[in-house]
file protein.tsv (TSV, C-alpha atoms)
chain	number	residue	atom	x	y	z
H	1	MET	CA	0.00	0.00	0.00
H	2	THR	CA	1.16	3.50	-0.76
H	3	GLY	CA	-1.10	5.40	1.57
H	4	VAL	CA	-2.31	7.57	-1.32
H	5	PRO	CA	-6.07	8.22	-1.21
H	6	ALA	CA	-8.14	6.68	-3.97
H	7	SER	CA	-9.61	10.08	-4.81
H	8	ALA	CA	-6.16	11.31	-5.76
H	9	THR	CA	-5.61	8.38	-8.10
H	10	GLY	CA	-8.84	8.52	-10.02
H	11	GLY	CA	-10.56	5.98	-7.69
H	12	THR	CA	-8.53	3.03	-9.00
H	13	GLY	CA	-5.78	2.88	-6.39
H	14	ARG	CA	-3.28	3.84	-9.08
H	15	PRO	CA	-2.09	7.27	-10.17
H	16	ALA	CA	-4.28	8.85	-12.82
H	17	PRO	CA	-2.49	8.80	-16.19
H	18	GLY	CA	-0.75	12.09	-16.78
H	19	GLY	CA	-2.14	13.47	-13.53
H	20	LYS	CA	-0.25	15.07	-10.66
H	21	LEU	CA	-0.84	14.61	-6.98
H	22	GLY	CA	-0.72	17.45	-4.52
H	23	ALA	CA	2.12	17.65	-2.05
H	24	ALA	CA	-0.10	16.33	0.73
H	25	ALA	CA	-0.97	13.21	-1.24
H	26	VAL	CA	2.64	12.52	-2.13
H	27	ASN	CA	3.69	12.84	1.48
H	28	GLN	CA	1.16	10.17	2.43
H	29	ALA	CA	3.08	7.49	0.48
H	30	SER	CA	3.99	4.66	2.84
H	31	LEU	CA	7.61	4.32	3.94
H	32	TRP	CA	7.36	0.60	3.20
H	33	ASN	CA	6.79	0.84	-0.54
H	34	ILE	CA	8.59	-1.02	-3.30
H	35	ALA	CA	10.77	1.97	-4.26
H	36	ASN	CA	12.06	2.46	-0.70
H	37	ILE	CA	12.54	-1.28	-0.23
H	38	LEU	CA	14.78	-1.36	-3.31
H	39	THR	CA	16.74	1.61	-1.95
H	40	MET	CA	17.17	-0.12	1.42
H	41	MET	CA	18.24	-3.30	-0.37
H	42	ARG	CA	20.94	-1.29	-2.13
H	43	LEU	CA	22.16	0.10	1.20
H	44	VAL	CA	22.34	-3.42	2.65
H	45	LEU	CA	24.24	-4.62	-0.42
H	46	VAL	CA	27.07	-2.13	0.18
H	47	PRO	CA	28.78	-3.93	3.10
H	48	GLY	CA	28.08	-7.29	1.47
H	49	PHE	CA	29.70	-6.11	-1.75
H	50	VAL	CA	32.79	-4.90	0.13
H	51	VAL	CA	33.17	-8.21	2.00
H	52	LEU	CA	32.84	-10.23	-1.21
H	53	LEU	CA	35.30	-8.01	-3.10
H	54	LEU	CA	37.96	-8.17	-0.37
H	55	GLN	CA	37.50	-11.86	0.42
H	56	ASP	CA	40.73	-13.94	0.33
H	57	GLY	CA	42.88	-10.89	-0.31
H	58	GLY	CA	40.62	-9.50	-3.00
H	59	HIS	CA	42.16	-11.39	-5.93
H	60	ASP	CA	40.11	-14.58	-6.08
H	61	PRO	CA	38.19	-14.64	-9.41
H	62	ALA	CA	35.24	-16.52	-7.90
H	63	TRP	CA	34.75	-14.03	-5.05
H	64	ARG	CA	35.21	-11.17	-7.49
H	65	ALA	CA	32.41	-12.64	-9.63
H	66	TRP	CA	30.10	-12.74	-6.60
H	67	ALA	CA	31.07	-9.16	-5.79
H	68	TRP	CA	30.24	-8.15	-9.35
H	69	ALA	CA	26.81	-9.80	-9.00
H	70	ALA	CA	26.11	-7.76	-5.85
H	71	PHE	CA	27.28	-4.59	-7.60
H	72	ALA	CA	25.12	-5.35	-10.65
H	73	VAL	CA	22.03	-5.88	-8.49
H	74	ALA	CA	22.71	-2.55	-6.75
H	75	MET	CA	22.99	-0.76	-10.10
H	76	ILE	CA	19.77	-2.34	-11.35
H	77	THR	CA	17.83	-1.33	-8.24
H	78	ASP	CA	19.17	2.21	-8.73
H	79	ILE	CA	17.44	2.30	-12.12
H	80	PHE	CA	14.12	0.97	-10.90
H	81	ASP	CA	13.55	2.59	-7.50
H	82	GLY	CA	13.49	6.17	-8.79
H	83	HIS	CA	11.32	5.19	-11.77
H	84	LEU	CA	8.81	3.39	-9.55
H	85	ALA	CA	8.69	6.25	-7.06
H	86	ARG	CA	7.85	8.77	-9.77
H	87	ALA	CA	5.52	6.54	-11.79
H	88	TYR	CA	3.40	5.39	-8.84
H	89	ASN	CA	3.66	8.47	-6.61
H	90	LEU	CA	5.73	6.69	-3.98
H	91	VAL	CA	7.92	9.71	-3.26
H	92	THR	CA	8.85	9.98	0.43
H	93	ASP	CA	11.29	12.10	2.42
H	94	PHE	CA	13.19	8.91	3.28
H	95	GLY	CA	13.58	8.08	-0.40
H	96	LYS	CA	14.78	11.57	-1.28
H	97	ILE	CA	17.58	11.25	1.30
H	98	ALA	CA	18.40	7.53	1.14
H	99	ASP	CA	18.48	7.15	-2.65
H	100	PRO	CA	21.46	9.46	-3.36
H	101	ILE	CA	23.25	8.13	-0.26
H	102	ALA	CA	22.86	4.55	-1.53
H	103	ASP	CA	24.06	5.58	-5.01
H	104	LYS	CA	27.19	7.23	-3.73
H	105	ALA	CA	27.88	4.54	-1.11
H	106	ILE	CA	27.99	1.65	-3.59
H	107	MET	CA	30.08	3.61	-6.10
H	108	ALA	CA	32.48	4.99	-3.47
H	109	SER	CA	32.97	1.59	-1.83
H	110	GLY	CA	33.78	0.04	-5.21
H	111	LEU	CA	36.28	2.73	-6.15
H	112	ILE	CA	38.01	2.76	-2.77
H	113	CYS	CA	38.27	-1.03	-2.58
H	114	LEU	CA	39.66	-1.27	-6.10
H	115	SER	CA	42.29	1.35	-5.25
H	116	LEU	CA	43.16	-0.46	-2.01
H	117	LEU	CA	43.69	-3.64	-4.03
H	118	GLY	CA	45.94	-1.78	-6.47
H	119	ASP	CA	43.62	-2.35	-9.42
H	120	LEU	CA	42.69	1.30	-9.88
H	121	PRO	CA	44.91	4.39	-9.46
H	122	TRP	CA	44.02	6.48	-6.43
H	123	TRP	CA	43.84	9.64	-8.52
H	124	VAL	CA	40.91	8.17	-10.48
H	125	THR	CA	39.06	7.43	-7.25
H	126	ALA	CA	39.89	10.90	-5.91
H	127	VAL	CA	38.63	12.68	-9.06
H	128	ILE	CA	35.31	10.82	-9.13
H	129	LEU	CA	34.64	11.10	-5.39
H	130	ALA	CA	35.66	14.77	-5.31
H	131	ARG	CA	33.24	15.49	-8.14
H	132	GLU	CA	30.36	13.68	-6.44
H	133	LEU	CA	30.98	15.36	-3.08
H	134	GLY	CA	31.51	18.76	-4.67
H	135	ILE	CA	28.29	18.57	-6.68
H	136	THR	CA	26.36	17.51	-3.59
H	137	LEU	CA	27.64	20.56	-1.72
H	138	MET	CA	26.91	22.71	-4.77
H	139	ARG	CA	23.29	21.54	-4.75
H	140	PHE	CA	22.90	22.79	-1.18
H	141	TRP	CA	24.53	26.07	-2.19
H	142	VAL	CA	21.87	26.81	-4.83
H	143	ILE	CA	18.89	24.86	-3.47
H	144	ARG	CA	16.93	27.97	-2.46
H	145	HIS	CA	17.19	29.29	-6.01
H	146	GLY	CA	16.16	26.08	-7.74
H	147	VAL	CA	17.32	22.59	-8.73
H	148	ILE	CA	19.21	21.76	-11.90
H	149	PRO	CA	17.59	18.72	-13.56
H	150	ALA	CA	19.57	15.67	-14.56
H	151	SER	CA	21.16	16.09	-18.00
H	152	ARG	CA	21.85	13.53	-20.68
H	153	GLY	CA	25.55	13.92	-19.96
H	154	GLY	CA	24.98	13.22	-16.28
H	155	LYS	CA	23.08	10.04	-17.09
H	156	MET	CA	25.85	8.96	-19.47
H	157	LYS	CA	28.38	9.65	-16.71
H	158	THR	CA	26.49	7.44	-14.28
H	159	LEU	CA	26.23	4.63	-16.84
H	160	ALA	CA	29.93	4.89	-17.73
H	161	GLN	CA	31.00	4.88	-14.08
H	162	GLY	CA	28.85	1.87	-13.24
H	163	THR	CA	30.05	-0.07	-16.31
H	164	ALA	CA	33.70	0.77	-15.67
H	165	VAL	CA	33.66	-0.11	-11.97
H	166	GLY	CA	31.78	-3.32	-12.74
H	167	MET	CA	34.42	-4.32	-15.29
H	168	TYR	CA	37.21	-3.58	-12.81
H	169	VAL	CA	35.50	-5.69	-10.15
H	170	LEU	CA	35.64	-8.71	-12.46
H	171	ALA	CA	39.02	-10.41	-12.82
H	172	LEU	CA	39.38	-9.62	-16.52
H	173	THR	CA	42.49	-10.29	-18.58
H	174	GLY	CA	43.65	-9.71	-22.14
H	175	PRO	CA	41.60	-7.49	-24.48
H	176	LEU	CA	38.78	-7.11	-21.93
H	177	ALA	CA	41.25	-5.71	-19.39
H	178	THR	CA	42.35	-3.18	-22.02
H	179	LEU	CA	38.74	-2.35	-22.83
H	180	ARG	CA	37.89	-1.63	-19.21
H	181	PHE	CA	40.78	0.86	-19.06
H	182	TRP	CA	39.23	2.85	-21.89
H	183	VAL	CA	35.73	2.60	-20.42
H	184	MET	CA	37.09	4.04	-17.16
H	185	ALA	CA	38.88	6.78	-19.12
H	186	VAL	CA	35.56	7.74	-20.71
H	187	ALA	CA	33.91	7.70	-17.28
H	188	VAL	CA	36.58	10.02	-15.85
H	189	VAL	CA	36.24	12.45	-18.77
H	190	LEU	CA	32.44	12.51	-18.44
H	191	THR	CA	32.80	12.95	-14.68
H	192	VAL	CA	34.96	16.04	-15.09
H	193	VAL	CA	33.04	17.56	-18.02
H	194	THR	CA	29.60	17.12	-16.45
H	195	GLY	CA	30.92	18.37	-13.13
H	196	LEU	CA	32.23	21.57	-14.70
H	197	ASP	CA	28.97	22.03	-16.58
H	198	TYR	CA	27.01	21.63	-13.37
H	199	VAL	CA	29.18	24.26	-11.66
H	200	ARG	CA	28.51	26.63	-14.58
H	201	GLN	CA	24.76	26.05	-14.38
H	202	ALA	CA	24.77	26.42	-10.61
H	203	ILE	CA	26.55	29.77	-10.81
H	204	VAL	CA	24.11	31.01	-13.47
H	205	LEU	CA	21.14	29.78	-11.42
H	206	ARG	CA	22.42	31.50	-8.28
H	207	ARG	CA	23.02	34.79	-10.10
H	208	ARG	CA	19.53	34.71	-11.56
H	209	GLY	CA	18.07	33.80	-8.18
H	210	LEU	CA	19.84	36.68	-6.44
H	211	ALA	CA	18.75	39.07	-9.19
H	212	ALA	CA	15.16	37.86	-8.85
H	213	GLU	CA	15.32	38.31	-5.08
H	214	ARG	CA	16.55	41.87	-5.45
H	215	ALA	CA	13.82	42.60	-7.98
H	216	ALA	CA	11.19	41.03	-5.72
H	217	LYS	CA	12.32	43.08	-2.75
H	218	ALA	CA	12.23	46.22	-4.84
H	219	GLY	CA	8.72	45.38	-6.06
H	220	GLY	CA	7.47	44.05	-2.73
H	221	THR	CA	6.57	40.57	-4.10
H	222	SER	CA	7.44	37.09	-2.89
H	223	LEU	CA	9.35	34.43	-4.83
H	224	PRO	CA	8.17	30.86	-5.51
H	225	GLY	CA	10.15	28.01	-3.97
H	226	PRO	CA	12.57	25.86	-5.99
H	227	THR	CA	11.09	23.33	-8.37
H	228	GLU	CA	11.69	19.65	-7.83
H	229	GLY	CA	14.41	17.93	-9.80
H	230	SER	CA	17.64	16.00	-9.56
H	231	ALA	CA	21.26	16.39	-10.56
H	232	ARG	CA	23.40	13.39	-11.36

call {"tool": "encode", "arguments": {"input": "protein.tsv", "output": "structure tokens"}}
result
Amino acid sequence: MTGVPASATGGTGRPAPGGKLGAAAVNQASLWNIANILTMMRLVLVPGFVVLLLQDGGHDPAWRAWAWAAFAVAMITDIFDGHLARAYNLVTDFGKIADPIADKAIMASGLICLSLLGDLPWWVTAVILARELGITLMRFWVIRHGVIPASRGGKMKTLAQGTAVGMYVLALTGPLATLRFWVMAVAVVLTVVTGLDYVRQAIVLRRRGLAAERAAKAGGTSLPGPTEGSAR
């Protein structure tokens, strides 16, 4: 059950096609819905993934394969939980907080473990984690002015990072080991480029927000709150 009243879903128990629920209806979504359960599953997978990856010194191909399976499941749940939350009006405050934490936790644990094992240079891990942390702080910096929506480049960055880390988790050799190097190179480039673009957009958004605030004060009007969105 989602806790959403039938009247808000067209009387069918499901969201009305193309319709929008009010904030009160969205907030009534149950904590124990499928989207949040998938997010919690991803959080639980993080320590399990780390244990599997580091088992027997971290270089056993069989344990690495199990670690890859856990990582793959986490990446798949990342795709579905947000989609389900939006499609079936299962948005909750818990989901808004836990989902990005789970995303960053699984990616950060993979990068750090791979660097600890000597499979991935520390500078790669540092660049990716610095970007993710910096963008998170940037979002708080501009949140009162608005939210920058996820871009195609940001989605490509997430896909490239997940693919690259997954390939490094597996004990690949030969041409596949060479391929994963180039996939990670693409992921690093997308990480830096999309990060710089987000900084540019955040600065523009803040300048416009401050200008609008000054104009509102001069005219004695109030400003609307930031619109909902996400930045990846």

call {"tool": "closest_residue", "arguments": {"input": "protein.tsv", "among": "H:Leu114, H:Ala65, H:Ala102, H:Ile79", "to": "Met41 of chain H", "atoms": "all atoms listed in the file"}}
result
H:Ala102

call {"tool": "atom_distance", "arguments": {"input": "protein.tsv", "atom1": "atom CA of Val193 of chain H", "atom2": "atom CA of Thr163 of chain H"}}
result
18.0 Å

call {"tool": "axis_aligned_box", "arguments": {"input": "protein.tsv", "around": "segment 200-208 of chain H", "padding_each_side": "5 Å", "output": "JSON"}}
result
{"center_x": 24.0, "center_y": 30.4, "center_z": -11.4, "size_x": 19.0, "size_y": 18.7, "size_z": 16.3}

call {"tool": "residues_around", "arguments": {"input": "protein.tsv", "residues": "Phe80 of chain H", "least_positions_apart": "6", "cutoff": "12 Å", "atoms": "all atoms listed in the file", "output": "PyMOL selection string"}}
result
chain H and resi 34-39+42+73-74+86-88+99

call {"tool": "closest_residue", "arguments": {"input": "protein.tsv", "among": "H:His83, H:Arg139, H:Lys155, H:Lys217", "to": "Ala202 of chain H", "atoms": "only C-alpha atoms"}}
result
H:Arg139

call {"tool": "atom_distance", "arguments": {"input": "protein.tsv", "atom1": "atom CA of Trp122 of chain H", "atom2": "atom CA of Val192 of chain H"}}
result
15.8 Å

call {"tool": "closest_residue", "arguments": {"input": "protein.tsv", "among": "H:Ala212, H:Ala218, H:Leu90, H:Val50", "to": "Leu111 of chain H", "atoms": "only C-alpha atoms"}}
result
H:Val50

call {"tool": "closest_residue", "arguments": {"input": "protein.tsv", "among": "H:Trp63, H:Trp123, H:Phe49, H:Trp141", "to": "Met107 of chain H", "atoms": "all atoms listed in the file"}}
result
H:Phe49

call {"tool": "closest_residue", "arguments": {"input": "protein.tsv", "among": "H:Ala211, H:Ala187, H:Ala160, H:Val142", "to": "Val199 of chain H", "atoms": "only C-alpha atoms"}}
result
H:Val142

call {"tool": "closest_residue", "arguments": {"input": "protein.tsv", "among": "H:Val127, H:Leu54, H:Ala216, H:Ala85", "to": "Ser30 of chain H", "atoms": "only C-alpha atoms"}}
result
H:Ala85

call {"tool": "atom_distance", "arguments": {"input": "protein.tsv", "atom1": "atom CA of Glu132 of chain H", "atom2": "atom CA of Pro100 of chain H"}}
result
10.3 Å
